[in-house]
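J.: Input file: query_35.csv. Contents: CSV, C-alpha atoms.
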```csv
chain,number,residue,atom,x,y,z
Q,17,MET,CA,-9.9,0.1,-21.3
Q,18,THR,CA,-10.1,1.4,-17.8
Q,19,VAL,CA,-7.6,1.4,-14.9
Q,20,LEU,CA,-8.4,0.8,-11.3
Q,21,ILE,CA,-5.8,1.6,-8.6
Q,22,THR,CA,-6.3,0.5,-5.0
Q,23,TYR,CA,-4.3,3.3,-3.6
Q,24,PRO,CA,-5.2,6.9,-2.7
Q,25,ARG,CA,-4.7,9.4,-5.5
Q,26,HIS,CA,-3.2,12.0,-3.2
Q,27,ARG,CA,-0.4,9.7,-2.2
Q,28,ILE,CA,0.7,9.2,-5.8
Q,29,PRO,CA,3.4,11.6,-7.1
Q,30,ARG,CA,1.9,14.4,-9.1
Q,31,ASP,CA,3.8,13.7,-12.3
Q,32,LEU,CA,2.5,10.1,-12.3
Q,33,GLN,CA,-1.0,11.3,-11.7
Q,34,ASP,CA,-0.8,13.6,-14.7
Q,35,ARG,CA,0.7,10.9,-17.0
Q,36,LEU,CA,-2.0,8.4,-15.9
Q,37,ASP,CA,-4.8,11.0,-16.6
Q,38,LEU,CA,-3.4,11.6,-20.1
Q,39,ALA,CA,-2.8,8.0,-21.0
Q,40,THR,CA,-6.3,6.8,-19.9
Q,41,ALA,CA,-8.4,9.7,-21.3
Q,42,PRO,CA,-11.3,10.1,-21.5
Q,43,ILE,CA,-11.8,7.9,-18.4
Q,44,PRO,CA,-9.2,8.7,-15.7
Q,45,PRO,CA,-8.0,6.0,-13.4
Q,46,LEU,CA,-10.4,5.0,-10.6
Q,47,TYR,CA,-8.7,5.3,-7.2
Q,48,LEU,CA,-10.3,3.0,-4.6
Q,49,PRO,CA,-8.1,2.1,-1.6
Q,50,LEU,CA,-10.5,-0.7,-0.6
Q,51,ARG,CA,-9.8,-0.2,3.1
Q,52,ARG,CA,-11.0,1.7,6.1
Q,53,LEU,CA,-8.1,2.5,8.5
Q,54,ARG,CA,-8.5,3.8,12.0
Q,55,ALA,CA,-6.2,4.3,15.0
Q,56,VAL,CA,-7.0,2.1,18.0
Q,57,PRO,CA,-6.8,3.2,21.7
Q,58,LEU,CA,-3.6,2.2,23.4
Q,59,SER,CA,-3.3,0.8,26.9
Q,60,SER,CA,-1.1,2.6,29.4
Q,61,GLN,CA,1.2,-0.4,29.2
Q,62,ASP,CA,1.5,-0.2,25.4
Q,63,ARG,CA,2.1,3.6,25.6
Q,64,ASP,CA,4.8,3.1,28.2
Q,65,CYS,CA,6.5,0.5,26.0
Q,66,ILE,CA,6.5,2.8,23.0
Q,67,ALA,CA,7.9,5.6,25.1
Q,68,ARG,CA,10.7,3.3,26.4
Q,69,SER,CA,11.6,1.9,23.0
Q,70,ASP,CA,15.0,2.6,21.6
Q,71,TYR,CA,13.8,1.5,18.2
Q,72,LEU,CA,10.3,1.7,16.7
Q,73,ILE,CA,9.5,-0.2,13.5
Q,74,VAL,CA,6.7,1.0,11.1
Q,75,THR,CA,6.0,-0.8,7.8
Q,76,SER,CA,3.0,1.2,6.6
Q,77,ASN,CA,2.2,4.8,5.9
Q,78,PHE,CA,-0.8,4.8,8.2
Q,79,ALA,CA,1.3,3.3,11.0
Q,80,LEU,CA,3.7,6.2,10.5
Q,81,SER,CA,1.1,8.9,10.4
Q,82,THR,CA,-0.6,7.4,13.5
Q,83,LEU,CA,2.7,7.5,15.4
Q,84,ILE,CA,3.4,11.0,14.3
Q,85,ASP,CA,0.0,12.6,14.7
Q,86,HIS,CA,-1.5,10.7,17.7
Q,87,ILE,CA,1.0,8.7,19.7
Q,88,LEU,CA,4.2,10.8,20.0
Q,89,PRO,CA,2.4,14.0,20.9
Q,90,SER,CA,0.6,12.2,23.7
Q,91,LEU,CA,3.8,10.9,25.4
Q,92,ASP,CA,4.9,12.6,28.6
Q,93,SER,CA,8.3,13.4,27.1
Q,94,ALA,CA,9.8,13.6,23.7
Q,95,TRP,CA,10.7,10.3,22.2
Q,96,ARG,CA,14.4,10.3,21.2
Q,97,GLY,CA,14.9,6.8,19.8
Q,98,THR,CA,15.5,5.6,16.2
Q,99,LEU,CA,12.7,4.9,13.7
Q,100,ILE,CA,13.0,2.0,11.4
Q,101,ALA,CA,10.8,2.7,8.3
Q,102,LEU,CA,10.2,0.5,5.3
Q,103,SER,CA,10.9,3.0,2.5
Q,104,ARG,CA,12.7,6.2,1.7
Q,105,LYS,CA,9.4,7.9,1.2
Q,106,MET,CA,8.5,7.1,4.8
Q,107,GLU,CA,11.9,8.4,5.9
Q,108,VAL,CA,11.2,11.7,4.2
Q,109,SER,CA,7.8,12.0,6.0
Q,110,ALA,CA,9.4,11.1,9.3
Q,111,ASN,CA,12.2,13.7,8.8
Q,112,ALA,CA,9.6,16.3,8.0
Q,113,ALA,CA,7.9,15.5,11.3
Q,114,GLY,CA,11.1,16.1,13.2
Q,115,LEU,CA,12.3,12.4,13.5
Q,116,ARG,CA,15.9,12.7,12.4
Q,117,HIS,CA,17.2,9.2,13.4
Q,118,VAL,CA,15.7,6.9,10.7
Q,119,LEU,CA,17.0,3.6,9.4
Q,120,VAL,CA,15.7,2.2,6.1
Q,121,PRO,CA,16.3,-1.4,4.7
Q,122,ASP,CA,17.9,-1.8,1.4
Q,123,GLU,CA,14.7,-3.4,0.1
Q,124,GLU,CA,11.2,-2.1,0.6
Q,125,ASN,CA,9.8,-5.3,2.0
Q,126,ARG,CA,10.0,-7.5,5.1
Q,127,HIS,CA,12.9,-9.4,3.7
Q,128,GLY,CA,14.9,-6.2,3.7
Q,129,LEU,CA,13.7,-5.4,7.2
Q,130,HIS,CA,14.7,-8.9,8.4
Q,131,ARG,CA,18.1,-8.4,7.0
Q,132,LEU,CA,18.5,-5.0,8.7
Q,133,LEU,CA,17.4,-6.4,12.0
Q,134,THR,CA,19.7,-9.4,11.7
Q,135,THR,CA,22.6,-7.0,11.4
Q,136,LEU,CA,21.4,-4.5,14.0
Q,137,MET,CA,20.2,-6.7,16.9
Q,138,PRO,CA,23.6,-8.3,17.8
Q,139,THR,CA,25.1,-4.8,18.2
Q,140,LEU,CA,22.4,-3.6,20.7
Q,141,PRO,CA,22.9,-3.7,24.5
Q,142,PRO,CA,20.9,-6.4,26.3
Q,143,ASP,CA,18.4,-3.9,27.7
Q,144,ALA,CA,17.6,-2.3,24.3
Q,145,VAL,CA,13.9,-2.2,23.5
Q,146,VAL,CA,12.8,-2.7,19.9
Q,147,THR,CA,9.0,-2.6,19.1
Q,148,GLU,CA,7.1,-2.9,15.9
Q,149,LEU,CA,3.9,-0.8,15.5
Q,150,CYS,CA,1.5,-2.6,13.3
Q,151,GLY,CA,-2.1,-3.1,12.2
Q,152,ASN,CA,-4.5,-6.1,12.6
Q,153,LEU,CA,-3.6,-7.6,9.2
Q,154,HIS,CA,-0.3,-9.2,8.2
Q,155,VAL,CA,0.4,-11.5,5.3
Q,156,PRO,CA,4.1,-12.8,5.4
Q,157,ASP,CA,6.2,-11.6,2.5
Q,158,SER,CA,7.3,-14.5,0.2
Q,159,HIS,CA,10.9,-13.6,1.0
Q,160,GLU,CA,10.4,-14.1,4.8
Q,161,PRO,CA,12.2,-17.1,6.2
Q,162,SER,CA,9.8,-19.9,6.9
Q,163,HIS,CA,11.9,-21.3,9.7
Q,164,LYS,CA,12.1,-20.0,13.3
Q,165,THR,CA,14.7,-17.2,13.7
Q,166,ASP,CA,16.2,-15.7,16.8
Q,167,ILE,CA,14.7,-12.3,16.0
Q,168,ASP,CA,11.6,-11.9,18.1
Q,169,VAL,CA,10.3,-8.3,18.0
Q,170,PRO,CA,7.3,-7.5,20.2
Q,171,LYS,CA,4.4,-5.9,18.3
Q,172,ILE,CA,1.9,-3.3,19.4
Q,173,ARG,CA,-1.3,-3.0,17.3
Q,174,ILE,CA,-1.9,0.8,16.8
Q,175,TYR,CA,-4.5,0.7,14.0
Q,176,GLU,CA,-7.1,-1.5,12.3
Q,177,ASN,CA,-7.7,-2.2,8.6
Q,178,THR,CA,-11.3,-3.1,8.2
Q,179,TRP,CA,-13.8,-3.6,5.3
Q,180,GLU,CA,-17.6,-3.9,5.9
Q,181,PRO,CA,-20.3,-5.0,3.5
Q,182,ILE,CA,-21.4,-1.4,3.2
Q,183,ASP,CA,-17.9,-0.5,2.0
Q,184,LYS,CA,-18.1,-3.2,-0.7
Q,185,GLN,CA,-21.5,-1.8,-1.9
Q,186,ARG,CA,-20.2,1.7,-2.0
Q,187,ALA,CA,-17.1,0.7,-3.9
Q,188,ALA,CA,-19.2,-1.2,-6.5
Q,189,ASP,CA,-21.6,1.8,-6.8
Q,190,GLU,CA,-18.7,4.2,-7.3
Q,191,ILE,CA,-17.2,1.9,-10.1
Q,192,ARG,CA,-20.6,1.7,-11.9
Q,193,ARG,CA,-21.1,5.5,-11.6
Q,194,SER,CA,-17.6,6.3,-12.9
Q,195,LEU,CA,-17.8,4.0,-15.8
Q,196,ALA,CA,-21.2,5.3,-16.8
Q,197,VAL,CA,-19.8,8.9,-16.8
Q,198,GLY,CA,-16.8,7.8,-18.9
Q,199,LYS,CA,-19.0,6.0,-21.4
Q,200,ALA,CA,-21.2,9.1,-21.8
Q,201,HIS,CA,-18.2,11.2,-22.5
Q,202,ASP,CA,-16.9,8.8,-25.2
Q,203,SER,CA,-19.2,8.5,-28.3
Q,204,THR,CA,-17.2,5.7,-29.9
Q,205,THR,CA,-19.6,3.0,-30.9
Q,206,ASP,CA,-17.4,0.1,-30.0
Q,207,ASN,CA,-16.2,1.8,-26.7
Q,208,ASP,CA,-15.5,-0.8,-24.0
Q,209,VAL,CA,-15.0,1.0,-20.7
Q,210,ARG,CA,-14.7,-2.2,-18.6
Q,211,ILE,CA,-11.8,-2.3,-16.1
Q,212,ASP,CA,-9.0,-4.4,-17.6
Q,213,ARG,CA,-5.9,-3.2,-15.6
Q,214,ILE,CA,-5.8,-3.1,-11.9
Q,215,VAL,CA,-3.0,-2.0,-9.5
Q,216,VAL,CA,-3.4,-4.0,-6.3
Q,217,THR,CA,-1.4,-2.7,-3.3
Q,218,SER,CA,-1.9,-5.5,-0.8
Q,219,PRO,CA,-3.3,-9.0,-0.4
Q,220,SER,CA,-6.3,-7.7,1.6
Q,221,ALA,CA,-7.1,-5.3,-1.2
Q,222,TYR,CA,-7.0,-8.2,-3.7
Q,223,GLN,CA,-9.3,-10.3,-1.5
Q,224,ARG,CA,-11.8,-7.4,-1.2
Q,225,LEU,CA,-11.6,-6.7,-4.9
Q,226,GLN,CA,-12.9,-10.2,-5.6
Q,227,GLY,CA,-16.1,-9.4,-3.7
Q,228,ILE,CA,-16.5,-6.2,-5.8
Q,229,ILE,CA,-16.0,-8.1,-9.1
Q,230,ALA,CA,-18.6,-10.6,-8.0
Q,231,ALA,CA,-21.0,-7.7,-7.2
Q,232,THR,CA,-20.6,-5.9,-10.5
Q,233,PRO,CA,-19.1,-8.3,-13.0
Q,234,GLU,CA,-20.3,-6.2,-15.9
Q,235,SER,CA,-17.8,-3.5,-14.9
Q,236,PHE,CA,-14.8,-5.8,-15.3
Q,237,SER,CA,-13.2,-7.4,-18.3
Q,238,LYS,CA,-13.0,-11.1,-18.5
Q,239,LYS,CA,-9.2,-10.7,-18.9
Q,240,ILE,CA,-7.6,-8.5,-16.3
Q,241,THR,CA,-3.9,-7.8,-15.9
Q,242,TYR,CA,-2.9,-7.1,-12.4
Q,243,TYR,CA,0.0,-4.9,-11.2
Q,244,THR,CA,1.4,-5.3,-7.6
Q,245,LEU,CA,4.0,-3.6,-5.4
Q,246,GLY,CA,5.6,-6.8,-4.3
Q,247,PRO,CA,5.7,-10.6,-4.3
Q,248,SER,CA,3.2,-11.3,-1.5
Q,249,THR,CA,0.2,-10.0,-3.5
Q,250,ALA,CA,1.6,-11.3,-6.8
Q,251,ARG,CA,1.9,-14.8,-5.4
Q,252,ILE,CA,-1.8,-14.8,-4.4
Q,253,ILE,CA,-2.9,-13.4,-7.8
Q,254,ALA,CA,-0.8,-15.9,-9.7
Q,255,ALA,CA,-2.4,-18.8,-7.7
Q,256,ASP,CA,-5.7,-17.6,-9.1
Q,257,HIS,CA,-4.2,-17.9,-12.6
Q,258,HIS,CA,-4.4,-14.2,-13.5
Q,259,PRO,CA,-1.6,-12.3,-15.3
Q,260,VAL,CA,0.4,-10.3,-12.8
Q,261,ILE,CA,3.3,-7.9,-13.2
Q,262,LEU,CA,5.5,-6.7,-10.3
Q,263,PRO,CA,8.5,-4.5,-9.8
Q,264,THR,CA,11.9,-5.7,-11.0
Q,265,THR,CA,13.6,-4.3,-7.9
Q,266,ASN,CA,12.5,-3.8,-4.3
Q,267,THR,CA,13.0,0.0,-4.1
Q,268,ASN,CA,10.7,2.8,-5.1
Q,269,VAL,CA,8.1,0.1,-5.9
Q,270,LEU,CA,5.1,2.4,-6.4
Q,271,ARG,CA,6.8,4.4,-9.1
Q,272,GLN,CA,8.1,1.3,-10.8
Q,273,THR,CA,4.7,-0.3,-10.9
Q,274,LEU,CA,2.9,2.7,-12.2
Q,275,THR,CA,5.6,3.2,-14.8
Q,276,GLN,CA,5.2,-0.4,-16.0
Q,277,LEU,CA,1.5,0.2,-16.3
Q,278,LEU,CA,2.0,3.4,-18.3
Q,279,ARG,CA,4.3,1.5,-20.7
Q,280,ALA,CA,1.6,-1.1,-21.2
Q,281,LEU,CA,-1.2,1.3,-22.0
Q,282,PRO,CA,-1.9,1.7,-25.7
Q,283,PRO,CA,-1.5,5.1,-27.3
Q,284,CYS,CA,-4.6,7.3,-26.9
Q,285,PRO,CA,-6.1,8.4,-30.2
Q,286,LYS,CA,-8.3,11.0,-28.7
Q,287,PRO,CA,-7.6,14.7,-29.3
Q,288,GLN,CA,-7.2,15.3,-25.6
Q,289,CYS,CA,-4.2,13.0,-25.6
Q,290,ALA,CA,-2.3,15.2,-28.0
```
Show me the file's structure as structure tokens.

T.:
Amino acid sequence: MTVLITYPRHRIPRDLQDRLDLATAPIPPLYLPLRRLRAVPLSSQDRDCIARSDYLIVTSNFALSTLIDHILPSLDSAWRGTLIALSRKMEVSANAAGLRHVLVPDEENRHGLHRLLTTLMPTLPPDAVVTELCGNLHVPDSHEPSHKTDIDVPKIRIYENTWEPIDKQRAADEIRRSLAVGKAHDSTTDNDVRIDRIVVTSPSAYQRLQGIIAATPESFSKKITYYTLGPSTARIIAADHHPVILPTTNTNVLRQTLTQLLRALPPCPKPQCA
């Protein structure tokens, strides 16, 4: 039994890190984000649009950090608009960076964002500027309306989420190395250290994961249970006929998902689990 989490360890609350380490001993969870994120250069036109925006929408942590660390400091004057962030956790980060005017949807997904915008947009003056700062990948949430709506928010791409063949090879090598170390530390004769539970945080991470499984099939169980943060990724996994578990509500989804995982893990018989 081994757990793989496609999310950075340092972004997981410390109490959950500790509980996961204890529950999965002697092999701690493997944290592999399966992505390479980088900010992209902005044109003067895009930068001017951001500066003039009354509302900026960010739906990922990297978009928020790019805005805070790179874009806002480069503007000619302080931006005084309102940020629309997808979660309370992002709101806390924005507040810590000095952004005091933050709106958060009642659900941590694009359905909640759409509902917020549906309420907000009619109240804005005609010349109000609303801009979404996004990456190069976007898979619609399963709650998003499939029909055309009257909400048309301009988007500016501020970062890229990429994955090259060398990244896949490095990830496969890291998995093999980690499992070998774990097996060496556990002398149980029937020890099976193959990965059988995976937390997948995005559709792109799931797609990239399939390439890794193909590259090192001996590292993965034939029966894998997947855990997701929302319905978009869960729908894709279910279409591949894999068991998938997702949060029961659309707030604080990371903690919900990891708590569900912890509840499903069998009790550890090892002395270090005591």

J.: If you measure from atom CA of Val209 of chain Q to atom CA of Met17 of chain Q, what distance in Å do you get, rounded to one decimal?

T.: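 Between these atoms lies a distance of 5.2 Å.
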
J.: Once you count all atoms listed in the file, what closest atom pair and distance in Å to one decimal does each residue of segment 102-146 of chain Q within 9 Å of segment 256-280 of chain Q have, with rows by chain and rising residue number, as CSV?

T.:
```
residue,atom,partner,partner_atom,distance
Q:Ser103,CA,Q:Thr267,CA,7.5
Q:Arg104,CA,Q:Asn268,CA,7.9
Q:Lys105,CA,Q:Asn268,CA,8.2
Q:Asp122,CA,Q:Thr267,CA,7.6
Q:Glu123,CA,Q:Asn266,CA,4.9
Q:Glu124,CA,Q:Asn266,CA,5.3
Q:Asn125,CA,Q:Asn266,CA,7.0
Q:Gly128,CA,Q:Asn266,CA,8.7
```

J.: Taking only C-alpha atoms into account, which of Q:Leu129, Q:Val216, Q:Ile252, Q:Ile228 comes nearest Pro49 of chain Q?

T.: Q:Val216

J.: Would you list the residues near (18.4, -8.3, 13.4), meaning any protein, DNA or RNA residue with an atom at most 12 Å from that point in file coordinates, counting only C-alpha atoms, as a tab-separated table (two decimals) with C-alpha atoms, keeping the file's coordinate frame?

T.:
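File produced: out33.tsv:
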```tsv
chain	number	residue	atom	x	y	z
Q	71	TYR	CA	13.80	1.50	18.20
Q	100	ILE	CA	13.00	2.00	11.40
Q	121	PRO	CA	16.30	-1.40	4.70
Q	126	ARG	CA	10.00	-7.50	5.10
Q	127	HIS	CA	12.90	-9.40	3.70
Q	128	GLY	CA	14.90	-6.20	3.70
Q	129	LEU	CA	13.70	-5.40	7.20
Q	130	HIS	CA	14.70	-8.90	8.40
Q	131	ARG	CA	18.10	-8.40	7.00
Q	132	LEU	CA	18.50	-5.00	8.70
Q	133	LEU	CA	17.40	-6.40	12.00
Q	134	THR	CA	19.70	-9.40	11.70
Q	135	THR	CA	22.60	-7.00	11.40
Q	136	LEU	CA	21.40	-4.50	14.00
Q	137	MET	CA	20.20	-6.70	16.90
Q	138	PRO	CA	23.60	-8.30	17.80
Q	139	THR	CA	25.10	-4.80	18.20
Q	140	LEU	CA	22.40	-3.60	20.70
Q	146	VAL	CA	12.80	-2.70	19.90
Q	165	THR	CA	14.70	-17.20	13.70
Q	166	ASP	CA	16.20	-15.70	16.80
Q	167	ILE	CA	14.70	-12.30	16.00
Q	168	ASP	CA	11.60	-11.90	18.10
Q	169	VAL	CA	10.30	-8.30	18.00
```

J.: Any idea what the distance is between atom CA of Glu234 of chain Q and atom CA of Gln33 of chain Q?

T.: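 Computing the Euclidean distance for atom CA of Glu234 of chain Q and atom CA of Gln33 of chain Q yields 26.4 Å.
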
J.: So how far away is atom CA of Asp37 of chain Q from atom CA of Glu190 of chain Q, in Å?

T.: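 Spanning atom CA of Glu190 of chain Q to atom CA of Asp37 of chain Q is a straight-line distance of 18.1 Å.
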
J.: List the spatial neighbours of Gln223 of chain Q as a ChimeraX atom specification - criterion: any atom at most 12 Å away, all atoms listed in the file, same-chain residues fewer than 5 positions off excluded.

T.: /Q:22,50-51,155,179,184,216-218,228-230,249,252-253,256

J.: Arg193 of chain Q: which residues within 12 Å, counting all atoms listed in the file, same-chain residues fewer than 3 positions away excluded, as a PyMOL selection string?

T.: chain Q and resi 43+46+186-190+196-200+209+232+235

J.: Which residue, Q:Asp34, Q:Glu107, Q:Asp92, Q:Glu176, has the smallest gap to Asn152 of chain Q when you use only C-alpha atoms?

T.: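 Going through Q:Asp34, Q:Glu107, Q:Asp92, Q:Glu176 one by one, the smallest distance to Asn152 of chain Q is for Q:Glu176.
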
J.: Please, which residues are within 6 Å of (-2.7, 6.6, 23.1) by the file's coordinates, counting all atoms listed in the file, and could they come as a PyMOL selection string?

T.: chain Q and resi 57-58+87

J.: Go through Q:Pro233, Q:Pro282, Q:Pro219, Q:Pro89 one by one, measure the shortest atom-to-atom distance of each to Ala41 of chain Q using all atoms listed in the file, and give the residue with the smallest value.

T.: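 When distances to Ala41 of chain Q are compared using all atoms listed in the file, the smallest one comes from Q:Pro282.
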
J.: Please list as a PyMOL selection string every residue within 6 Å of Tyr242 of chain Q, counting only C-alpha atoms and excluding residues in the same chain fewer than 5 positions away.

T.: chain Q and resi 213-215+260

J.: I need the residue nearest Ser69 of chain Q from this list: Q:Trp95, Q:Tyr47, Q:Tyr222, Q:Phe236. Use only C-alpha atoms for the distance.

T.: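 Under the stated criterion, the closest residue is Q:Trp95.
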